[in-house]
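Participant: Dropping in target.txt, with compact mmCIF, C-alpha atoms and all ligand atoms.
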# COMPACT_ATOMS: atom_id res chain seq x y z
CA MET H 1412 98.73 88.77 93.92
CA GLY H 1413 101.10 85.80 93.97
CA SER H 1414 98.39 83.16 93.63
CA ALA H 1415 96.76 85.14 90.79
CA ALA H 1416 100.12 85.50 89.01
CA VAL H 1417 100.85 81.76 89.21
CA SER H 1418 97.42 80.86 87.86
CA HIS H 1419 97.73 83.24 84.88
CA LEU H 1420 101.26 82.01 84.12
CA ALA H 1421 100.11 78.38 84.29
CA ALA H 1422 97.15 79.19 82.02
CA ARG H 1423 99.63 80.37 79.38
CA GLY H 1424 101.62 77.17 79.53
CA ILE H 1425 104.49 78.43 81.68
CA ARG H 1426 106.05 75.99 84.17
CA ALA H 1427 105.39 78.01 87.31
CA LEU H 1428 106.26 77.46 90.96
CA GLY H 1429 104.51 79.42 93.75
CA LEU H 1430 106.23 79.78 97.13
CA GLU H 1431 104.37 80.82 100.31
CA GLN H 1432 105.96 80.98 103.75
CA PHE H 1433 102.73 80.23 105.68
CA ALA H 1434 99.62 78.12 104.97
CA ILE H 1435 97.44 79.06 101.98
CA GLY H 1436 94.70 81.44 103.15
CA HIS H 1437 96.58 82.46 106.34
CA ASP H 1438 95.80 85.53 108.43
CA ARG H 1439 99.25 87.09 108.94
CA GLY H 1440 99.54 89.27 105.83
CA SER H 1441 97.07 91.49 103.98
CA SER H 1442 94.47 89.13 102.47
CA HIS H 1443 92.36 87.87 105.40
CA GLY H 1444 89.24 88.99 107.25
CA ALA H 1445 86.38 87.44 105.20
CA SER H 1446 85.56 90.44 102.99
CA ARG H 1447 87.08 93.01 100.63
CA ILE H 1448 85.30 95.84 98.84
CA ILE H 1449 85.18 95.94 95.05
CA ARG H 1450 83.83 99.10 93.38
CA LEU H 1451 83.94 100.73 89.97
CA ALA H 1452 83.58 104.54 90.34
CA TYR H 1453 87.08 104.67 91.79
CA PHE H 1454 87.74 107.86 93.75
CA GLU H 1455 91.50 107.34 93.89
CA HIS H 1456 91.94 108.00 90.11
CA PRO H 1457 89.92 107.40 86.92
CA ALA H 1458 92.87 105.43 85.49
CA TYR H 1459 91.89 102.47 87.71
CA VAL H 1460 88.50 102.06 86.03
CA PRO H 1461 89.56 100.09 82.90
CA LEU H 1462 91.54 97.76 85.17
CA LEU H 1463 88.47 97.28 87.36
CA VAL H 1464 86.34 96.38 84.37
CA ARG H 1465 88.85 93.65 83.56
CA ALA H 1466 89.14 92.62 87.24
CA TYR H 1467 85.38 92.03 87.42
CA GLU H 1468 85.52 89.87 84.26
CA LEU H 1469 88.38 87.80 85.63
CA TRP H 1470 86.74 87.30 89.07
CA ARG H 1471 83.61 86.05 87.28
CA GLN H 1472 85.79 83.79 85.15
CA LEU H 1473 87.47 82.41 88.28
CA GLU H 1474 84.06 81.78 89.84
CA HIS H 1475 83.08 79.87 86.72
CA ASP H 1476 86.29 77.82 86.71
CA SER H 1477 86.21 77.06 90.44
CA GLY H 1478 82.46 76.64 90.89
CA GLU H 1479 82.73 78.90 93.98
CA ARG H 1480 80.91 82.12 94.81
CA LEU H 1481 83.62 84.76 95.21
CA LEU H 1482 81.97 88.13 94.41
CA THR H 1483 78.58 89.32 95.66
CA THR H 1484 77.26 92.66 94.42
CA THR H 1485 75.61 94.70 97.16
CA GLY H 1486 75.63 98.22 95.71
CA GLY H 1487 77.99 100.82 97.13
CA LEU H 1488 77.66 104.24 98.77
CA MET H 1489 80.58 106.68 98.58
CA ILE H 1490 79.61 109.24 101.20
CA GLY H 1491 81.04 112.66 102.02
CA ALA H 1492 80.50 116.38 102.16
CA PRO H 1493 80.79 118.32 98.89
CA GLY H 1494 84.50 118.74 98.15
CA SER H 1495 85.51 115.53 99.97
CA GLU H 1496 87.90 113.12 98.24
CA VAL H 1497 85.57 110.10 98.38
CA LEU H 1498 82.55 111.91 96.93
CA GLU H 1499 84.24 114.13 94.34
CA GLY H 1500 86.76 111.50 93.23
CA SER H 1501 84.00 108.91 92.71
CA LEU H 1502 81.92 111.41 90.71
CA HIS H 1503 84.96 112.30 88.62
CA SER H 1504 85.62 108.65 87.74
CA ALA H 1505 81.94 107.96 87.06
CA ARG H 1506 81.69 110.95 84.71
CA THR H 1507 85.03 110.30 83.00
CA HIS H 1508 84.01 106.72 82.16
CA ALA H 1509 80.23 107.26 81.81
CA LEU H 1510 79.52 104.78 84.63
CA ALA H 1511 75.93 104.26 85.76
CA HIS H 1512 75.45 105.97 89.13
CA GLU H 1513 73.05 108.04 91.22
CA VAL H 1514 73.76 110.98 93.49
CA LEU H 1515 71.76 110.76 96.73
CA ASP H 1516 71.25 113.62 99.18
CA ALA H 1517 71.14 112.98 102.93
CA ALA H 1518 67.37 112.48 102.99
CA ALA H 1519 67.52 109.97 100.13
CA ILE H 1520 70.36 108.04 101.82
CA ARG H 1521 68.31 107.77 105.06
CA ARG H 1522 65.20 106.72 103.14
CA ARG H 1523 66.90 104.03 101.06
CA PHE H 1524 69.32 102.77 103.71
CA PRO H 1525 67.85 103.55 107.15
CA ALA H 1526 70.93 102.41 109.12
CA PHE H 1527 72.86 105.42 107.74
CA GLN H 1528 72.55 108.81 109.44
CA PRO H 1529 74.42 111.29 107.24
CA SER H 1530 74.48 114.95 108.27
CA ARG H 1531 72.38 117.37 106.26
CA ASP H 1532 75.12 118.57 103.92
CA GLU H 1533 76.47 115.10 103.04
CA LEU H 1534 75.86 113.40 99.69
CA ALA H 1535 76.64 109.97 98.28
CA LEU H 1536 77.42 108.44 94.94
CA PHE H 1537 75.52 105.16 94.71
CA GLU H 1538 76.55 102.47 92.25
CA THR H 1539 74.89 99.07 91.89
CA GLN H 1540 78.03 97.17 90.77
CA ALA H 1541 79.98 97.57 94.01
CA GLY H 1542 80.18 94.53 96.22
CA VAL H 1543 82.14 92.10 98.36
CA LEU H 1544 84.91 89.65 97.51
CA ARG H 1545 85.73 86.74 99.85
CA PRO H 1546 89.53 87.09 100.06
CA GLU H 1547 90.49 83.70 101.53
CA ALA H 1548 88.23 81.91 99.04
CA CYS H 1549 89.70 83.98 96.18
CA VAL H 1550 93.26 83.03 97.16
CA ARG H 1551 92.30 79.35 97.45
CA ALA H 1552 90.50 79.45 94.09
CA HIS H 1553 93.59 80.90 92.38
CA VAL H 1554 95.79 78.28 94.06
CA SER H 1555 93.47 75.40 93.04
CA ARG H 1556 93.29 76.76 89.52
CA SER H 1557 97.10 76.97 89.38
CA ALA H 1558 97.41 73.34 90.47
CA ALA H 1559 94.75 72.20 88.00
CA LEU H 1560 96.72 73.92 85.22
CA GLY H 1561 99.92 72.11 86.20
CA ALA H 1562 101.69 74.69 88.39
CA LYS H 1563 103.36 73.67 91.62
CA ILE H 1564 102.50 75.50 94.83
CA LEU H 1565 104.62 74.98 97.94
CA ASP H 1566 103.25 76.41 101.16
CA GLN H 1567 105.17 76.60 104.47
CA VAL H 1568 108.29 77.35 102.42
CA ALA H 1569 110.03 80.69 103.01
CA VAL H 1570 112.33 82.44 100.55
CA ASN H 1571 115.54 83.31 102.43
CA ARG H 1572 117.24 85.12 99.57
CA TRP H 1573 117.18 85.47 95.82
CA SER H 1574 119.79 86.59 93.35
CA ALA H 1575 119.95 87.40 89.68
CA THR H 1576 122.56 85.37 87.78
CA ASN H 1577 124.90 86.72 85.11
CA ASP H 1578 123.13 84.78 82.35
CA GLY H 1579 119.80 86.54 83.03
CA ALA H 1580 118.19 83.87 85.22
CA VAL H 1581 117.50 83.77 88.98
CA VAL H 1582 118.42 81.58 91.92
CA VAL H 1583 116.09 81.41 94.92
CA ASP H 1584 117.21 79.93 98.25
CA THR H 1585 114.37 78.70 100.43
CA THR H 1586 113.75 76.64 103.55
CA ALA H 1587 113.06 73.75 101.12
CA GLY H 1588 116.24 74.12 99.09
CA ARG H 1589 117.42 76.03 96.03
CA PHE H 1590 115.37 76.72 92.90
CA GLU H 1591 116.54 78.11 89.58
CA ALA H 1592 114.27 79.86 87.11
CA GLY H 1593 114.24 82.09 84.06
CA ARG H 1594 112.04 84.73 85.71
CA LEU H 1595 111.09 85.72 89.25
CA VAL H 1596 107.83 87.44 90.25
CA LEU H 1597 107.95 88.96 93.73
CA CYS H 1598 104.60 89.59 95.46
CA PRO H 1599 105.61 89.64 99.12
CA GLY H 1600 102.99 92.09 100.41
CA ALA H 1601 104.07 93.61 103.73
CA TRP H 1602 107.39 91.74 103.53
CA ALA H 1603 108.35 93.82 100.44
CA PRO H 1604 110.88 96.07 102.23
CA GLU H 1605 112.97 92.97 103.06
CA VAL H 1606 112.28 90.93 99.90
CA PHE H 1607 112.63 93.57 97.16
CA ASP H 1608 116.40 94.01 97.68
CA ALA H 1609 117.83 97.23 99.05
CA ALA H 1610 116.03 100.53 98.79
CA VAL H 1611 114.34 100.17 95.39
CA LEU H 1612 111.02 101.54 96.70
CA PRO H 1613 110.27 103.88 99.61
CA LEU H 1614 107.58 101.70 101.26
CA LYS H 1615 105.90 102.05 104.62
CA ILE H 1616 103.99 99.21 106.32
CA GLU H 1617 100.86 100.26 108.22
CA ARG H 1618 99.10 98.34 110.96
CA GLN H 1619 95.32 98.37 110.39
CA VAL H 1620 92.53 96.96 112.56
CA LEU H 1621 89.26 95.36 111.39
CA HIS H 1622 86.31 95.35 113.81
CA TRP H 1623 83.07 93.35 114.00
CA PHE H 1624 80.04 94.64 115.95
CA ASP H 1625 76.62 93.12 116.56
CA PRO H 1626 74.16 95.91 115.74
CA HIS H 1627 72.18 97.32 118.64
CA GLY H 1628 68.48 96.50 118.13
CA SER H 1629 67.43 94.81 114.93
CA SER H 1630 70.12 93.46 112.60
CA GLU H 1631 67.71 93.58 109.66
CA PRO H 1632 68.88 96.98 108.29
CA PHE H 1633 72.40 95.48 108.00
CA GLU H 1634 71.46 92.41 106.02
CA PRO H 1635 72.71 91.89 102.47
CA GLY H 1636 70.10 93.22 100.07
CA ARG H 1637 69.27 96.11 102.43
CA PHE H 1638 72.73 97.35 103.31
CA PRO H 1639 75.41 98.25 100.73
CA ILE H 1640 79.17 98.44 101.09
CA TYR H 1641 80.22 102.03 101.80
CA ILE H 1642 83.17 104.34 102.32
CA TRP H 1643 82.51 107.39 104.49
CA ASP H 1644 84.75 110.44 104.20
CA CYS H 1645 84.85 112.21 107.56
CA GLY H 1646 87.31 114.91 106.40
CA ASP H 1647 90.90 115.49 107.61
CA ASP H 1648 92.05 112.30 105.83
CA VAL H 1649 89.82 110.10 108.00
CA GLN H 1650 87.75 107.59 106.02
CA PHE H 1651 86.02 104.44 107.23
CA TYR H 1652 84.18 101.67 105.41
CA GLY H 1653 82.06 98.64 105.98
CA PHE H 1654 80.04 95.71 104.72
CA PRO H 1655 76.63 94.13 105.25
CA SER H 1656 76.48 91.23 107.72
CA GLN H 1657 78.04 88.12 106.19
CA SER H 1658 77.56 84.41 106.69
CA ASP H 1659 81.28 83.55 106.71
CA GLY H 1660 83.96 85.04 108.96
CA PRO H 1661 83.24 86.35 112.45
CA ARG H 1662 79.64 87.05 113.49
CA GLY H 1663 78.35 90.61 113.14
CA VAL H 1664 78.94 93.60 110.87
CA LYS H 1665 82.48 94.50 109.81
CA VAL H 1666 83.79 98.07 109.86
CA ALA H 1667 87.28 99.64 109.76
CA PHE H 1668 89.19 102.82 109.07
CA PHE H 1669 90.44 103.02 105.49
CA ARG H 1670 92.59 106.10 106.07
CA SER H 1671 93.44 107.55 109.44
CA PRO H 1672 96.31 109.70 110.67
CA GLU H 1673 96.36 107.40 113.72
CA ALA H 1674 97.49 104.35 111.68
CA GLU H 1675 100.79 103.04 113.07
CA THR H 1676 103.86 102.22 111.03
CA CYS H 1677 105.21 98.71 111.65
CA THR H 1678 107.13 95.87 110.02
CA ALA H 1679 105.66 92.50 109.04
CA ALA H 1680 107.98 90.75 111.51
CA THR H 1681 107.19 92.93 114.53
CA VAL H 1682 103.56 94.07 114.02
CA ASP H 1683 101.57 94.16 117.27
CA ARG H 1684 98.58 91.85 116.79
CA ALA H 1685 97.02 92.62 120.18
CA ILE H 1686 93.93 94.87 120.05
CA ARG H 1687 93.71 97.77 122.49
CA ASP H 1688 90.45 98.99 124.03
CA GLU H 1689 91.08 102.52 122.79
CA GLU H 1690 91.12 101.24 119.19
CA VAL H 1691 87.61 99.83 119.58
CA ASP H 1692 86.54 103.09 121.25
CA ARG H 1693 87.97 105.14 118.38
CA MET H 1694 85.90 103.09 115.91
CA ARG H 1695 82.74 103.55 118.00
CA HIS H 1696 83.43 107.28 118.14
CA ALA H 1697 83.56 107.56 114.33
CA LEU H 1698 80.32 105.55 114.07
CA VAL H 1699 78.26 107.19 116.77
CA ASP H 1700 76.60 109.94 114.70
CA ARG H 1701 76.75 108.05 111.41
CA LEU H 1702 75.79 104.42 112.03
CA PRO H 1703 74.56 104.63 115.64
CA ALA H 1704 73.26 101.05 115.83
CA LEU H 1705 76.82 99.82 115.24
CA ALA H 1706 78.41 102.33 117.62
CA LEU H 1707 76.08 101.12 120.39
CA GLY H 1708 76.40 97.45 119.45
CA HIS H 1709 78.30 94.63 121.14
CA HIS H 1710 81.95 94.38 120.06
CA VAL H 1711 82.44 90.85 118.68
CA THR H 1712 86.12 90.79 117.71
CA SER H 1713 88.94 92.70 115.98
CA VAL H 1714 91.83 91.53 113.82
CA VAL H 1715 95.08 93.15 112.65
CA CYS H 1716 96.02 93.41 108.96
CA MET H 1717 98.80 95.32 107.14
CA TYR H 1718 98.90 97.86 104.31
CA THR H 1719 102.02 98.17 102.13
CA MET H 1720 102.03 101.89 101.35
CA THR H 1721 103.73 103.87 98.59
CA PRO H 1722 104.13 107.64 99.14
CA ASP H 1723 101.32 108.57 96.68
CA ARG H 1724 99.05 105.61 97.62
CA HIS H 1725 99.04 104.31 94.04
CA PHE H 1726 100.36 100.80 93.35
CA ALA H 1727 103.91 99.88 92.38
CA ILE H 1728 104.04 97.22 89.67
CA GLY H 1729 106.84 96.72 87.18
CA VAL H 1730 110.23 95.35 86.28
CA HIS H 1731 112.95 95.52 88.95
CA PRO H 1732 115.17 98.55 88.20
CA ARG H 1733 118.38 96.50 88.32
CA HIS H 1734 117.22 93.07 87.12
CA PRO H 1735 114.98 92.81 84.02
CA GLN H 1736 114.22 89.13 84.81
CA VAL H 1737 112.60 90.13 88.12
CA ILE H 1738 109.06 91.54 88.30
CA MET H 1739 107.90 93.35 91.43
CA ALA H 1740 104.31 93.78 92.48
CA SER H 1741 101.92 94.27 95.30
CA PRO H 1742 102.64 97.43 97.26
CA CYS H 1743 98.92 98.01 96.96
CA SER H 1744 98.55 100.78 99.54
CA GLY H 1745 95.52 99.25 101.23
CA HIS H 1746 93.25 99.02 98.19
CA GLY H 1747 94.68 96.25 96.05
CA PHE H 1748 92.65 93.14 96.69
CA LYS H 1749 89.87 93.88 94.21
CA PHE H 1750 92.56 94.13 91.48
CA ALA H 1751 94.30 90.82 92.29
CA SER H 1752 92.69 89.04 89.35
CA VAL H 1753 93.83 91.60 86.77
CA ILE H 1754 97.20 92.14 88.47
CA GLY H 1755 97.80 88.39 88.07
CA GLU H 1756 97.17 88.80 84.36
CA ILE H 1757 99.45 91.87 84.16
CA LEU H 1758 102.23 90.03 86.01
CA ALA H 1759 101.97 87.17 83.52
CA ASP H 1760 102.20 89.72 80.65
CA LEU H 1761 105.28 91.37 82.17
CA THR H 1762 106.91 88.00 82.84
CA ILE H 1763 106.33 86.56 79.37
CA ASP H 1764 106.36 89.65 77.10
CA GLY H 1765 108.14 92.30 79.16
CA ASN H 1766 105.14 94.62 78.77
CA THR H 1767 101.35 94.66 79.01
CA ARG H 1768 98.48 96.24 77.07
CA ARG H 1769 96.74 97.08 80.36
CA PRO H 1770 97.16 100.73 81.43
CA ILE H 1771 99.64 100.66 84.33
CA ALA H 1772 101.62 103.87 83.75
CA LEU H 1773 100.34 105.19 87.11
CA PHE H 1774 102.09 102.29 88.89
CA ASP H 1775 105.60 102.74 87.45
CA PRO H 1776 107.98 101.94 90.34
CA SER H 1777 110.59 104.37 88.97
CA ARG H 1778 108.39 107.37 89.85
CA PHE H 1779 109.88 107.23 93.35
CA ARG H 1780 113.50 107.41 92.30
CA ALA H 1781 113.97 110.85 93.90
CA ASN H 1782 112.34 109.64 97.15
CA VAL H 1783 114.59 106.56 97.23
CA ALA H 1784 117.69 108.74 96.78
CA GLU H 1785 116.50 110.86 99.72
CA HIS H 1786 115.93 107.70 101.81
CA SER H 1787 119.29 106.07 101.17
C1 LIG E 1801 92.41 95.80 106.89
C2 LIG E 1801 92.53 95.74 105.40
C3 LIG E 1801 91.42 96.03 104.62
C4 LIG E 1801 91.51 96.04 103.24
N1 LIG E 1801 90.39 96.28 102.51
C5 LIG E 1801 90.45 96.22 101.16
C6 LIG E 1801 89.25 96.31 100.40
O1 LIG E 1801 88.15 96.41 100.93
N2 LIG E 1801 89.36 96.23 99.04
C7 LIG E 1801 90.57 96.07 98.43
O2 LIG E 1801 90.59 96.03 97.20
N3 LIG E 1801 91.71 95.96 99.13
C8 LIG E 1801 91.67 96.02 100.48
N4 LIG E 1801 92.81 95.87 101.23
C9 LIG E 1801 94.11 95.74 100.54
C10 LIG E 1801 94.32 94.36 100.01
O3 LIG E 1801 93.80 93.40 100.89
C11 LIG E 1801 95.79 94.17 99.75
O4 LIG E 1801 96.21 95.15 98.82
C12 LIG E 1801 96.08 92.79 99.18
O5 LIG E 1801 95.49 91.79 99.97
C13 LIG E 1801 97.57 92.59 99.12
O6 LIG E 1801 97.83 91.32 98.57
P1 LIG E 1801 99.33 90.83 98.45
O7 LIG E 1801 99.31 89.60 97.64
O8 LIG E 1801 100.17 91.97 98.03
O9 LIG E 1801 99.76 90.54 99.99
P2 LIG E 1801 99.51 89.21 100.85
O10 LIG E 1801 98.18 88.68 100.63
O11 LIG E 1801 99.93 89.52 102.24
O12 LIG E 1801 100.51 88.19 100.19
C14 LIG E 1801 101.90 88.27 100.31
C15 LIG E 1801 102.35 86.87 100.62
O13 LIG E 1801 103.75 86.74 100.47
C16 LIG E 1801 104.18 85.84 101.47
N5 LIG E 1801 105.61 86.07 101.69
C17 LIG E 1801 106.21 87.23 102.04
N6 LIG E 1801 107.54 87.06 102.17
C18 LIG E 1801 107.80 85.76 101.87
C19 LIG E 1801 108.99 84.97 101.82
N7 LIG E 1801 110.19 85.49 102.11
N8 LIG E 1801 108.86 83.67 101.48
C20 LIG E 1801 107.65 83.13 101.16
N9 LIG E 1801 106.50 83.83 101.20
C21 LIG E 1801 106.57 85.13 101.55
C22 LIG E 1801 103.35 86.21 102.67
O14 LIG E 1801 103.32 85.18 103.65
C23 LIG E 1801 102.01 86.47 102.05
O15 LIG E 1801 101.18 85.33 102.04
C24 LIG E 1801 92.75 95.80 102.61
C25 LIG E 1801 93.86 95.46 103.39
C26 LIG E 1801 93.75 95.42 104.77
C27 LIG E 1801 94.96 95.06 105.57
In C-alpha cells, how does this file's structure come out?
Ligand SMILES: Cc1cc2nc3c(=O)[nH]c(=O)nc-3n(C[C@H](O)[C@H](O)[C@H](O)COP(=O)(O)OP(=O)(O)OC[C@H]3O[C@@H](n4cnc5c(N)ncnc54)[C@H](O)[C@@H]3O)c2cc1C
Facilitator:
Amino acid sequence: MGSAAVSHLAARGIRALGLEQFAIGHDRGSSHGASRIIRLAYFEHPAYVPLLVRAYELWRQLEHDSGERLLTTTGGLMIGAPGSEVLEGSLHSARTHALAHEVLDAAAIRRRFPAFQPSRDELALFETQAGVLRPEACVRAHVSRSAALGAKILDQVAVNRWSATNDGAVVVDTTAGRFEAGRLVLCPGAWAPEVFDAAVLPLKIERQVLHWFDPHGSSEPFEPGRFPIYIWDCGDDVQFYGFPSQSDGPRGVKVAFFRSPEAETCTAATVDRAIRDEEVDRMRHALVDRLPALALGHHVTSVVCMYTMTPDRHFAIGVHPRHPQVIMASPCSGHGFKFASVIGEILADLTIDGNTRRPIALFDPSRFRANVAEHS
C-alpha cells in the first residue's frame, strides 16, 4: 500500500518520500510468498467490485509502465455448499454488478478441473477474470515507478515516532534522522497497532501459514491453463484457497487457509516464524477429500505471513481521527493485496484533496469508535 501510495503521489507531482524499515520486497510483513489472488465477483461485499474494476486497470497500467508481467488471469472457482458465504456472496456480487460468470455443479467442476473433488451438493461460481498477482514484483514495480517519477524511497530506515505539529504539518523521527512534511500517509501493515498512535482502531494481528506441496502423481492437472485459483468454503468459518503451480517462488503448488478459527493472534515483533508439523497436517486434512493429489503430495516448504484484522474484516482507510494531515491505511484483513493499486490512488486523493471519488464508505475507520471505547 505504501509503495502504491508513493507512486500515485509522485505521478501527481507531489514531492514524496517513502520509508521502509526492511529491504524492498522483504518477507517479514504481509506482501510476500510469490502469489496473491485477484478476483472480481467479490463474496465479501458487492461494494468492492467497482474498486476491483479500477484495481485491474491500474495493475495493467503498472505492467505497461514497468514492462513487467504482474497479473496472470487463470480463471477462478469459488466453491461451497448452497448457503455458504463464498458461494452465495460471490453470486450476490456477480448478479449485483452483472459480472460474467458460470455456476458449475459438482460433476461439471470435476469434468472441467479434474484435480478438484467436490462433494455432491457443492457448487462453484466460475469467473474467467480471476487470477494471480506476483506481490514482490508488484511492490518493486511501484517502487521503481516512484523513483522514475522523482520520489525518494529509503529502505532499511525505520520510523521511531511521528507527531503532528501545531501548524498542521508532521515531524517524523527515523533511524536516518528527522523529516518534516505537510502530510503523512501511514501504511504500516501488521505494525499498525504500534504506528497508528494509541487506540484509534481495534486491530488484531493474525499469524497465517502458506504451504507448498508437490502433487502426488502427475503435476499436469495443476498447471496454469488447466488449474484456476480457487477459494473453498468448508463451513464453520473455515475457508482455504490456492493457485496453479508457478514458475517463481518455491517449487510446487501453493495452498493456505484463508479463514480458520485456529489462526493465532500475534504481534509483528513477536510472531513465531517456525512451522509446526501439526500445521502441515491440518492443511493436508482439509485437502484430503477435496484435492487429494495435494494432500498426498510431498511437503516442499511453508512460510509465515500476517493479517491485520479489523473486527468486521472490511478495510480501514481514511483520515486520522485526531490529525487531518495524517492518512491511515492498510488494515486489509487478509484480502487487501489485489486492491493495492487502487488504494494507492485513493491515498493520493485523500492526501491531496482530502476526499476521493472512489466508493470507500465501507472502510470508514470511525465505524469502530464504540469498539475502541470498549477496548480503552
Ligand atoms: C498468507 C497471506 C495470504 C494473502 N493472500 C491474499 C490474496 O490472495 N489476495 C489478496 O488480495 N490479499 C491477500 N493477502 C492480504 C494482503 O497480502 C495484504 O492485505 C497486503 O499485502 C497488506 O499490504 P500492506 O502494505 O498493508 O502491508 P505490508 O506489505 O506488510 O507493508 C507494510 C510495510 O510497512 C513497513 N513498516 C511498518 N512499520 C514501519 C516503521 N515503523 N518504519 C518503517 N517501515 C515500517 C513494514 O516493514 C512493511 O514493509 C494475504 C496475506 C497473507 C499474509
Participant: If we count only C-alpha atoms and set the cut-off at 7 Å, which residues sit around Glu1538 in chain H, ignoring sequence neighbours fewer than 5 positions away in its own chain? Please answer as a list in words.
Facilitator: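 Counting only C-alpha atoms, the residues come to Gly1486, Gly1487, Leu1488, Ala1511, His1512 and Glu1513 of chain H.
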Participant: Step by step, measure atom-to-atom distances between ligand LIG 1801 (chain E) and each residue using all atoms listed in the file, keep those at most 7 Å, then write them as an mmCIF file with C-alpha atoms, in the coordinates of the input.
Facilitator:
data_model
loop_
_atom_site.group_PDB
_atom_site.id
_atom_site.type_symbol
_atom_site.label_atom_id
_atom_site.label_comp_id
_atom_site.auth_asym_id
_atom_site.auth_seq_id
_atom_site.Cartn_x
_atom_site.Cartn_y
_atom_site.Cartn_z
ATOM 1 C CA MET H 1412 98.730 88.770 93.920
ATOM 2 C CA GLY H 1413 101.100 85.800 93.970
ATOM 3 C CA LEU H 1430 106.230 79.780 97.130
ATOM 4 C CA GLU H 1431 104.370 80.820 100.310
ATOM 5 C CA GLN H 1432 105.960 80.980 103.750
ATOM 6 C CA PHE H 1433 102.730 80.230 105.680
ATOM 7 C CA HIS H 1437 96.580 82.460 106.340
ATOM 8 C CA ARG H 1439 99.250 87.090 108.940
ATOM 9 C CA GLY H 1440 99.540 89.270 105.830
ATOM 10 C CA SER H 1441 97.070 91.490 103.980
ATOM 11 C CA SER H 1442 94.470 89.130 102.470
ATOM 12 C CA SER H 1446 85.560 90.440 102.990
ATOM 13 C CA ARG H 1447 87.080 93.010 100.630
ATOM 14 C CA ILE H 1448 85.300 95.840 98.840
ATOM 15 C CA ILE H 1449 85.180 95.940 95.050
ATOM 16 C CA VAL H 1568 108.290 77.350 102.420
ATOM 17 C CA ALA H 1569 110.030 80.690 103.010
ATOM 18 C CA VAL H 1570 112.330 82.440 100.550
ATOM 19 C CA ASN H 1571 115.540 83.310 102.430
ATOM 20 C CA CYS H 1598 104.600 89.590 95.460
ATOM 21 C CA PRO H 1599 105.610 89.640 99.120
ATOM 22 C CA GLY H 1600 102.990 92.090 100.410
ATOM 23 C CA ALA H 1601 104.070 93.610 103.730
ATOM 24 C CA TRP H 1602 107.390 91.740 103.530
ATOM 25 C CA VAL H 1606 112.280 90.930 99.900
ATOM 26 C CA GLN H 1619 95.320 98.370 110.390
ATOM 27 C CA VAL H 1620 92.530 96.960 112.560
ATOM 28 C CA LEU H 1621 89.260 95.360 111.390
ATOM 29 C CA VAL H 1715 95.080 93.150 112.650
ATOM 30 C CA CYS H 1716 96.020 93.410 108.960
ATOM 31 C CA MET H 1717 98.800 95.320 107.140
ATOM 32 C CA TYR H 1718 98.900 97.860 104.310
ATOM 33 C CA SER H 1741 101.920 94.270 95.300
ATOM 34 C CA PRO H 1742 102.640 97.430 97.260
ATOM 35 C CA CYS H 1743 98.920 98.010 96.960
ATOM 36 C CA SER H 1744 98.550 100.780 99.540
ATOM 37 C CA GLY H 1745 95.520 99.250 101.230
ATOM 38 C CA HIS H 1746 93.250 99.020 98.190
ATOM 39 C CA GLY H 1747 94.680 96.250 96.050
ATOM 40 C CA PHE H 1748 92.650 93.140 96.690
ATOM 41 C CA LYS H 1749 89.870 93.880 94.210
ATOM 42 C CA PHE H 1750 92.560 94.130 91.480
#
Participant: CA of Leu1773 in chain H and CA of Pro1604 in chain H, how far apart in Å?
Facilitator: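 That distance, rounded to one decimal, is 20.6 Å.
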Participant: Can you pull out the residues contacting Ser1713 in chain H? Cut-off 9 Å, using all atoms listed in the file, and skip same-chain residues under 3 positions away; I want them as number ranges by chain.
Facilitator: H: 1620-1623, 1686, 1691, 1710
Participant: Would you list the contacts of Gly1593 in chain H as a list of chain:residue names, taking every protein, DNA or RNA residue within 10 Å and counting only C-alpha atoms, but skipping same-chain residues closer than 6 positions in sequence?
Facilitator: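 After dropping sequence-adjacent residues, the list is H:Ala1575, H:Thr1576, H:Asp1578, H:Gly1579, H:Ala1580, H:Val1581, H:Val1582, H:Gln1736, H:Val1737, H:Thr1762.
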Participant: Once you have the residues from the selection above, write them out as an mmCIF file, in the frame of the given file, restricted to C-alpha atoms.
Facilitator:
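Now in again-v2.cif:
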data_model
loop_
_atom_site.group_PDB
_atom_site.id
_atom_site.type_symbol
_atom_site.label_atom_id
_atom_site.label_comp_id
_atom_site.auth_asym_id
_atom_site.auth_seq_id
_atom_site.Cartn_x
_atom_site.Cartn_y
_atom_site.Cartn_z
ATOM 1 C CA ALA H 1575 119.950 87.400 89.680
ATOM 2 C CA THR H 1576 122.560 85.370 87.780
ATOM 3 C CA ASP H 1578 123.130 84.780 82.350
ATOM 4 C CA GLY H 1579 119.800 86.540 83.030
ATOM 5 C CA ALA H 1580 118.190 83.870 85.220
ATOM 6 C CA VAL H 1581 117.500 83.770 88.980
ATOM 7 C CA VAL H 1582 118.420 81.580 91.920
ATOM 8 C CA GLN H 1736 114.220 89.130 84.810
ATOM 9 C CA VAL H 1737 112.600 90.130 88.120
ATOM 10 C CA THR H 1762 106.910 88.000 82.840
#
Participant: Hey, can you check how far CA of Arg1768 in chain H sits from CA of Ile1425 in chain H?
Facilitator: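 Separation of CA of Arg1768 in chain H and CA of Ile1425 in chain H: 19.4 Å.
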